[in-house]
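S.K.: Provided herewith: query00.cif, mmCIF, C-alpha atoms.
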data_upload
loop_
_atom_site.group_PDB
_atom_site.id
_atom_site.type_symbol
_atom_site.label_atom_id
_atom_site.label_comp_id
_atom_site.auth_asym_id
_atom_site.auth_seq_id
_atom_site.Cartn_x
_atom_site.Cartn_y
_atom_site.Cartn_z
ATOM 1 C CA MET X 1 5.956 3.393 -20.223
ATOM 2 C CA ILE X 2 5.361 3.659 -16.490
ATOM 3 C CA LYS X 3 6.109 6.815 -14.476
ATOM 4 C CA ALA X 4 5.932 6.989 -10.697
ATOM 5 C CA TYR X 5 6.343 9.623 -7.991
ATOM 6 C CA ALA X 6 6.268 9.241 -4.221
ATOM 7 C CA ARG X 7 6.440 11.205 -0.991
ATOM 8 C CA SER X 8 6.613 10.085 2.639
ATOM 9 C CA ASP X 9 6.319 12.352 5.661
ATOM 10 C CA VAL X 10 6.405 11.868 9.428
ATOM 11 C CA GLY X 11 3.308 14.074 9.883
ATOM 12 C CA LYS X 12 2.826 16.645 12.648
ATOM 13 C CA ILE X 13 2.460 14.445 15.737
ATOM 14 C CA ARG X 14 4.636 11.335 15.456
ATOM 15 C CA GLU X 15 8.348 11.437 16.279
ATOM 16 C CA MET X 16 9.323 8.728 13.790
ATOM 17 C CA ASN X 17 8.210 7.771 10.301
ATOM 18 C CA GLN X 18 7.223 4.079 10.420
ATOM 19 C CA ASP X 19 6.025 4.069 6.799
ATOM 20 C CA TYR X 20 8.368 2.685 4.135
ATOM 21 C CA TYR X 21 8.090 2.286 0.380
ATOM 22 C CA TYR X 22 9.909 1.099 -2.729
ATOM 23 C CA ILE X 23 9.396 2.220 -6.328
ATOM 24 C CA SER X 24 11.086 0.775 -9.402
ATOM 25 C CA ASP X 25 13.156 2.809 -11.773
ATOM 26 C CA SER X 26 10.975 3.603 -14.808
ATOM 27 C CA LEU X 27 13.382 1.667 -17.072
ATOM 28 C CA SER X 28 13.551 -1.393 -14.838
ATOM 29 C CA GLU X 29 12.487 -4.710 -16.349
ATOM 30 C CA VAL X 30 10.378 -5.464 -13.256
ATOM 31 C CA GLN X 31 7.899 -2.687 -12.509
ATOM 32 C CA LEU X 32 7.358 -3.117 -8.780
ATOM 33 C CA TYR X 33 5.844 -0.772 -6.178
ATOM 34 C CA ILE X 34 5.528 -1.573 -2.465
ATOM 35 C CA LEU X 35 4.253 0.384 0.532
ATOM 36 C CA ALA X 36 4.179 -0.615 4.208
ATOM 37 C CA ASP X 37 2.861 1.162 7.302
ATOM 38 C CA GLY X 38 4.530 -0.267 10.406
ATOM 39 C CA MET X 39 3.227 -0.451 13.940
ATOM 40 C CA GLY X 40 4.498 -1.444 17.338
ATOM 41 C CA GLY X 41 6.764 -0.212 20.081
ATOM 42 C CA CYS X 42 9.521 2.345 20.042
ATOM 43 C CA LYS X 43 11.244 1.185 16.854
ATOM 44 C CA GLY X 44 9.196 -1.926 16.096
ATOM 45 C CA GLY X 45 7.007 -0.395 13.408
ATOM 46 C CA GLU X 46 9.940 1.152 11.585
ATOM 47 C CA ILE X 47 11.812 -2.174 11.557
ATOM 48 C CA ALA X 48 8.714 -4.144 10.516
ATOM 49 C CA SER X 49 7.864 -1.923 7.539
ATOM 50 C CA GLN X 50 11.425 -1.738 6.201
ATOM 51 C CA LEU X 51 11.955 -5.473 6.643
ATOM 52 C CA ALA X 52 8.643 -6.321 4.964
ATOM 53 C CA VAL X 53 9.275 -4.106 1.939
ATOM 54 C CA THR X 54 12.875 -5.280 1.514
ATOM 55 C CA CYS X 55 12.009 -8.987 1.864
ATOM 56 C CA ALA X 56 9.027 -8.850 -0.501
ATOM 57 C CA LYS X 57 10.993 -6.817 -3.054
ATOM 58 C CA ASN X 58 14.004 -9.163 -2.985
ATOM 59 C CA TYR X 59 11.789 -12.246 -3.200
ATOM 60 C CA ILE X 60 10.022 -10.927 -6.311
ATOM 61 C CA LEU X 61 13.169 -9.629 -8.028
ATOM 62 C CA ASN X 62 15.102 -12.832 -7.329
ATOM 63 C CA ASN X 63 12.356 -15.069 -8.716
ATOM 64 C CA PHE X 64 10.802 -13.000 -11.499
ATOM 65 C CA LYS X 65 12.946 -14.281 -14.362
ATOM 66 C CA GLU X 66 12.332 -17.951 -13.558
ATOM 67 C CA VAL X 67 8.567 -17.606 -13.101
ATOM 68 C CA PRO X 68 6.263 -18.247 -16.103
ATOM 69 C CA LYS X 69 4.555 -14.986 -17.069
ATOM 70 C CA ASP X 70 0.989 -16.256 -16.908
ATOM 71 C CA LYS X 71 -1.552 -14.749 -14.507
ATOM 72 C CA ASP X 72 -1.601 -17.623 -12.013
ATOM 73 C CA SER X 73 2.194 -17.750 -11.696
ATOM 74 C CA LEU X 74 2.572 -13.986 -11.195
ATOM 75 C CA ILE X 75 -0.215 -13.827 -8.614
ATOM 76 C CA GLN X 76 1.405 -16.748 -6.796
ATOM 77 C CA LEU X 77 4.760 -14.938 -6.905
ATOM 78 C CA ILE X 78 3.499 -11.834 -5.127
ATOM 79 C CA GLY X 79 1.404 -13.860 -2.684
ATOM 80 C CA SER X 80 4.442 -15.954 -1.777
ATOM 81 C CA SER X 81 6.536 -12.792 -1.362
ATOM 82 C CA VAL X 82 4.113 -11.588 1.321
ATOM 83 C CA GLU X 83 4.188 -14.951 3.102
ATOM 84 C CA TYR X 84 7.994 -14.867 3.053
ATOM 85 C CA ALA X 85 8.115 -11.282 4.353
ATOM 86 C CA ASN X 86 5.625 -12.208 7.059
ATOM 87 C CA MET X 87 7.815 -15.086 8.224
ATOM 88 C CA VAL X 88 10.921 -12.863 8.409
ATOM 89 C CA VAL X 89 9.136 -10.060 10.318
ATOM 90 C CA TYR X 90 7.486 -12.552 12.681
ATOM 91 C CA GLU X 91 10.817 -14.247 13.448
ATOM 92 C CA LYS X 92 12.471 -10.855 14.001
ATOM 93 C CA SER X 93 9.721 -9.857 16.464
ATOM 94 C CA LYS X 94 10.707 -12.809 18.667
ATOM 95 C CA GLU X 95 14.337 -11.686 18.958
ATOM 96 C CA SER X 96 13.815 -9.064 21.659
ATOM 97 C CA PRO X 97 11.012 -7.970 24.021
ATOM 98 C CA GLU X 98 10.913 -4.430 22.563
ATOM 99 C CA LEU X 99 10.006 -5.842 19.132
ATOM 100 C CA ASP X 100 7.320 -8.184 20.445
ATOM 101 C CA GLY X 101 4.010 -7.690 18.637
ATOM 102 C CA MET X 102 5.398 -5.476 15.879
ATOM 103 C CA GLY X 103 3.738 -5.686 12.497
ATOM 104 C CA THR X 104 2.953 -3.778 9.336
ATOM 105 C CA THR X 105 0.508 -3.342 6.512
ATOM 106 C CA ILE X 106 1.774 -4.121 3.021
ATOM 107 C CA GLU X 107 0.625 -3.170 -0.478
ATOM 108 C CA ILE X 108 2.347 -4.662 -3.533
ATOM 109 C CA CYS X 109 1.718 -3.664 -7.144
ATOM 110 C CA LEU X 110 3.584 -5.646 -9.796
ATOM 111 C CA ILE X 111 2.843 -4.205 -13.240
ATOM 112 C CA TYR X 112 3.238 -6.475 -16.245
ATOM 113 C CA ASN X 113 1.689 -6.454 -19.697
ATOM 114 C CA ASN X 114 -1.021 -3.833 -18.998
ATOM 115 C CA LYS X 115 -2.086 -5.570 -15.802
ATOM 116 C CA VAL X 116 -1.395 -4.879 -12.150
ATOM 117 C CA TYR X 117 -0.907 -7.815 -9.800
ATOM 118 C CA ILE X 118 -1.902 -6.776 -6.293
ATOM 119 C CA ALA X 119 -1.186 -8.215 -2.845
ATOM 120 C CA HIS X 120 -2.686 -6.504 0.196
ATOM 121 C CA VAL X 121 -2.663 -6.886 3.976
ATOM 122 C CA GLY X 122 -3.924 -4.256 6.436
ATOM 123 C CA ASP X 123 -5.551 -0.860 5.974
ATOM 124 C CA SER X 124 -3.222 0.916 3.579
ATOM 125 C CA ARG X 125 -4.984 1.257 0.232
ATOM 126 C CA ILE X 126 -4.641 1.008 -3.526
ATOM 127 C CA TYR X 127 -6.869 3.054 -5.832
ATOM 128 C CA ARG X 128 -7.066 3.108 -9.617
ATOM 129 C CA ILE X 129 -8.093 6.184 -11.558
ATOM 130 C CA ARG X 130 -9.471 5.459 -15.020
ATOM 131 C CA LYS X 131 -10.834 8.380 -17.005
ATOM 132 C CA ASP X 132 -13.202 10.201 -14.592
ATOM 133 C CA PHE X 133 -13.562 7.538 -11.935
ATOM 134 C CA MET X 134 -11.463 6.479 -8.953
ATOM 135 C CA ARG X 135 -12.037 2.983 -7.602
ATOM 136 C CA LYS X 136 -10.655 1.409 -4.429
ATOM 137 C CA LEU X 137 -9.010 -1.905 -5.370
ATOM 138 C CA THR X 138 -8.417 -3.124 -1.797
ATOM 139 C CA GLN X 139 -10.639 -3.693 1.217
ATOM 140 C CA ASP X 140 -9.343 -2.606 4.625
ATOM 141 C CA HIS X 141 -8.560 -5.468 7.001
ATOM 142 C CA SER X 142 -9.890 -3.441 9.916
ATOM 143 C CA TYR X 143 -12.446 -3.928 12.665
ATOM 144 C CA VAL X 144 -14.423 -0.931 11.447
ATOM 145 C CA GLN X 145 -14.512 -2.174 7.837
ATOM 146 C CA LYS X 146 -15.922 -5.468 9.153
ATOM 147 C CA LEU X 147 -18.673 -3.526 10.945
ATOM 148 C CA VAL X 148 -19.459 -1.688 7.695
ATOM 149 C CA SER X 149 -19.440 -4.929 5.666
ATOM 150 C CA ASP X 150 -21.750 -6.573 8.232
ATOM 151 C CA GLY X 151 -24.137 -3.600 8.026
ATOM 152 C CA THR X 152 -23.638 -2.761 11.717
ATOM 153 C CA ILE X 153 -22.501 0.823 11.042
ATOM 154 C CA THR X 154 -22.536 3.166 8.039
ATOM 155 C CA GLN X 155 -19.471 4.345 6.128
ATOM 156 C CA GLU X 156 -20.052 7.821 7.626
ATOM 157 C CA GLU X 157 -19.966 6.378 11.157
ATOM 158 C CA ALA X 158 -16.841 4.390 10.247
ATOM 159 C CA ASN X 159 -14.950 7.579 9.338
ATOM 160 C CA ASN X 160 -15.108 8.795 12.957
ATOM 161 C CA HIS X 161 -15.165 5.477 14.808
ATOM 162 C CA PRO X 162 -12.865 5.352 17.890
ATOM 163 C CA LYS X 163 -11.507 1.940 16.852
ATOM 164 C CA LYS X 164 -10.867 2.769 13.200
ATOM 165 C CA ASN X 165 -7.151 1.946 13.551
ATOM 166 C CA MET X 166 -7.730 -1.574 14.907
ATOM 167 C CA LEU X 167 -6.521 -4.122 12.334
ATOM 168 C CA MET X 168 -8.000 -7.584 11.859
ATOM 169 C CA ARG X 169 -5.054 -8.683 9.726
ATOM 170 C CA ALA X 170 -1.447 -7.461 9.602
ATOM 171 C CA LEU X 171 1.899 -8.767 8.399
ATOM 172 C CA GLY X 172 4.343 -10.112 10.999
ATOM 173 C CA CYS X 173 1.950 -10.517 13.931
ATOM 174 C CA ASN X 174 1.333 -14.243 13.425
ATOM 175 C CA ALA X 175 3.342 -17.117 11.977
ATOM 176 C CA PHE X 176 1.103 -17.146 8.890
ATOM 177 C CA VAL X 177 -0.761 -14.444 6.998
ATOM 178 C CA GLU X 178 -3.096 -14.674 4.039
ATOM 179 C CA PRO X 179 -2.846 -11.676 1.712
ATOM 180 C CA ASP X 180 -5.695 -10.588 -0.526
ATOM 181 C CA VAL X 181 -4.510 -10.965 -4.115
ATOM 182 C CA ALA X 182 -6.061 -9.612 -7.305
ATOM 183 C CA ILE X 183 -5.372 -8.891 -10.967
ATOM 184 C CA LYS X 184 -6.679 -5.632 -12.451
ATOM 185 C CA GLY X 185 -6.277 -3.977 -15.819
ATOM 186 C CA PHE X 186 -3.763 -1.124 -16.012
ATOM 187 C CA LEU X 187 -4.349 0.541 -19.362
ATOM 188 C CA LYS X 188 -2.802 3.588 -20.998
ATOM 189 C CA GLU X 189 -3.532 6.759 -18.979
ATOM 190 C CA ASP X 190 -4.641 4.742 -15.917
ATOM 191 C CA ILE X 191 -3.196 5.930 -12.591
ATOM 192 C CA LEU X 192 -2.608 3.902 -9.427
ATOM 193 C CA VAL X 193 -2.528 5.568 -6.012
ATOM 194 C CA ILE X 194 -0.972 3.585 -3.144
ATOM 195 C CA CYS X 195 -1.219 5.262 0.265
ATOM 196 C CA SER X 196 -1.026 4.700 3.999
ATOM 197 C CA ASP X 197 -3.974 5.560 6.249
ATOM 198 C CA GLY X 198 -2.169 8.739 7.275
ATOM 199 C CA LEU X 199 -3.502 10.095 3.985
ATOM 200 C CA THR X 200 -6.970 8.530 3.851
ATOM 201 C CA ASN X 201 -7.806 9.440 7.474
ATOM 202 C CA GLU X 202 -7.125 13.116 6.735
ATOM 203 C CA VAL X 203 -7.992 13.671 3.055
ATOM 204 C CA LYS X 204 -11.326 12.910 1.393
ATOM 205 C CA THR X 205 -11.421 10.541 -1.570
ATOM 206 C CA ASP X 206 -12.736 13.284 -3.866
ATOM 207 C CA ASP X 207 -9.785 15.504 -2.948
ATOM 208 C CA ILE X 208 -7.306 12.682 -3.626
ATOM 209 C CA TYR X 209 -8.884 12.150 -7.046
ATOM 210 C CA ASN X 210 -8.925 15.864 -7.948
ATOM 211 C CA ILE X 211 -5.319 16.506 -6.904
ATOM 212 C CA VAL X 212 -3.979 13.447 -8.752
ATOM 213 C CA LYS X 213 -5.957 14.274 -11.900
ATOM 214 C CA GLU X 214 -4.887 17.921 -11.876
ATOM 215 C CA ASP X 215 -1.126 17.344 -11.623
ATOM 216 C CA PHE X 216 0.001 13.742 -11.375
ATOM 217 C CA GLU X 217 3.675 14.646 -10.884
ATOM 218 C CA ARG X 218 3.080 17.056 -7.998
ATOM 219 C CA ALA X 219 0.274 15.025 -6.421
ATOM 220 C CA PRO X 220 2.283 13.174 -3.716
ATOM 221 C CA LYS X 221 3.746 16.443 -2.383
ATOM 222 C CA GLU X 222 0.383 18.235 -2.460
ATOM 223 C CA LEU X 223 -1.477 15.346 -0.833
ATOM 224 C CA VAL X 224 1.064 15.126 1.990
ATOM 225 C CA GLU X 225 0.765 18.883 2.549
ATOM 226 C CA LEU X 226 -3.040 18.663 2.650
ATOM 227 C CA ALA X 227 -2.984 15.737 5.091
ATOM 228 C CA ASN X 228 -0.709 17.783 7.363
ATOM 229 C CA GLN X 229 -2.969 20.832 7.077
ATOM 230 C CA ASN X 230 -5.915 18.660 8.094
ATOM 231 C CA GLY X 231 -4.169 17.385 11.232
ATOM 232 C CA GLY X 232 -1.238 15.190 10.221
ATOM 233 C CA ILE X 233 -1.748 12.866 13.179
ATOM 234 C CA ASP X 234 -0.028 9.916 11.484
ATOM 235 C CA ASN X 235 2.802 9.229 9.045
ATOM 236 C CA ILE X 236 1.718 9.944 5.464
ATOM 237 C CA THR X 237 2.962 8.105 2.373
ATOM 238 C CA VAL X 238 1.675 8.433 -1.188
ATOM 239 C CA VAL X 239 2.849 6.652 -4.350
ATOM 240 C CA VAL X 240 1.300 7.520 -7.723
ATOM 241 C CA ILE X 241 1.972 5.442 -10.838
ATOM 242 C CA LYS X 242 0.819 6.300 -14.353
ATOM 243 C CA ASN X 243 0.737 4.218 -17.507
ATOM 244 C CA ILE X 244 1.961 6.928 -19.914
#
Taking this structure as input, can you express it in the form of structure tokens?
M.R.:
Amino acid sequence: MIKAYARSDVGKIREMNQDYYYISDSLSEVQLYILADGMGGCKGGEIASQLAVTCAKNYILNNFKEVPKDKDSLIQLIGSSVEYANMVVYEKSKESPELDGMGTTIEICLIYNNKVYIAHVGDSRIYRIRKDFMRKLTQDHSYVQKLVSDGTITQEEANNHPKKNMLMRALGCNAFVEPDVAIKGFLKEDILVICSDGLTNEVKTDDIYNIVKEDFERAPKELVELANQNGGIDNITVVVIKNI
């Protein structure tokens, strides 16, 4: 059985929450979890994130029954859902000047048969806690992450880099987007943490791990509170999912 809890907060600085998420009912046949962190303009980011989540969710739910349940077909399903959502957000951005350039990150976790099928674009993140270890399952599509990967700067320098919010890849900004896709094990007692950078920019990885391990049910609320205590300069969204 899968149990999930979530919390989203505007933070202490922003006037509007441009994060958006969807979590399945625990009894739903399709166990689906999506998070998006929007960006752009006055209302652009809010529209982009909601549109992306809704389009990806509907695409997966509408096609799940017909799709063969092998690994390749399920990975293709979530990848295609991101491409579809990208097309819709991109087309919407062309409708009015105030929406021009809007975009969003997106994280999708489809859980089926003790595996999690992941699609990822942007710098929101997915972690998996197994026993006493938390592992990041996604790689940020950011300028600073590229510098780290190239060996130009250290991870420590990346944490305080002035351009750490600059994305190399986002959903809705171009006519086509290529999501990272992956399949990971999701065994009994494993926990997934999906979060926007409003959390990871303010709360250390060790603290995320400790809070989730201590009280999984209360973790989203406590993590949001800690991110706000540490500055709360961005919207904060946390989804935790446990294989009970």
S.K.: Give me, as JSON lines, each residue of region 46-71 of chain X that comes within 12 Å of region 117-127 of chain X, together with its shortest interatomic pair and the distance in Å at one decimal, counting all atoms listed in the file, with rows ordered by chain and rising residue number.
M.R.:
{"residue": "X:Ala52", "atom": "CA", "partner": "X:Val121", "partner_atom": "CA", "distance": 11.4}
{"residue": "X:Ala56", "atom": "CA", "partner": "X:Ala119", "partner_atom": "CA", "distance": 10.5}
{"residue": "X:Ile60", "atom": "CA", "partner": "X:Tyr117", "partner_atom": "CA", "distance": 11.9}
{"residue": "X:Lys69", "atom": "CA", "partner": "X:Tyr117", "partner_atom": "CA", "distance": 11.6}
{"residue": "X:Asp70", "atom": "CA", "partner": "X:Tyr117", "partner_atom": "CA", "distance": 11.2}
{"residue": "X:Lys71", "atom": "CA", "partner": "X:Tyr117", "partner_atom": "CA", "distance": 8.4}
S.K.: I need the output of the PyMOL selection byres ((chain X and resi 31) around 6) for this file as a VMD selection string; which residues are they?
M.R.: chain X and resid 24 30 32 110 to 111
S.K.: Pull C-alpha atoms from the residues just selected and write them as a PDB file, in the frame of the given file.
M.R.:
ATOM      1  CA  SER X  24      11.086   0.775  -9.402  1.00  0.00           C
ATOM      2  CA  VAL X  30      10.378  -5.464 -13.256  1.00  0.00           C
ATOM      3  CA  LEU X  32       7.358  -3.117  -8.780  1.00  0.00           C
ATOM      4  CA  LEU X 110       3.584  -5.646  -9.796  1.00  0.00           C
ATOM      5  CA  ILE X 111       2.843  -4.205 -13.240  1.00  0.00           C
TER       6      ILE X 111
END
S.K.: For the atom pair CA of Gly172 (chain X) and CA of Glu15 (chain X), what is the interatomic distance in Å to one decimal place?
M.R.: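 Computing the Euclidean distance for CA of Gly172 (chain X) and CA of Glu15 (chain X) yields 22.5 Å.
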S.K.: Take the point (-9.0, 5.3, 14.1) as written in the file and pick out every residue within 12 Å of it, counting all atoms listed in the file; give the list as a list in words.
M.R.: Asp123, Ser142, Tyr143, Val144, Gln145, Glu157, Ala158, Asn159, Asn160, His161, Pro162, Lys163, Lys164, Asn165, Met166, Leu167, Asp197, Gly198, Thr200, Asn201, Glu202, Ile233 and Asp234 of chain X
S.K.: Return the single residue from X:Glu98, X:Leu223, X:Leu192, X:Asp207 that is closest to Ile244 (chain X), with distances computed using only C-alpha atoms.
M.R.: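 Nearest candidate to Ile244 (chain X) out of X:Glu98, X:Leu223, X:Leu192, X:Asp207: X:Leu192.
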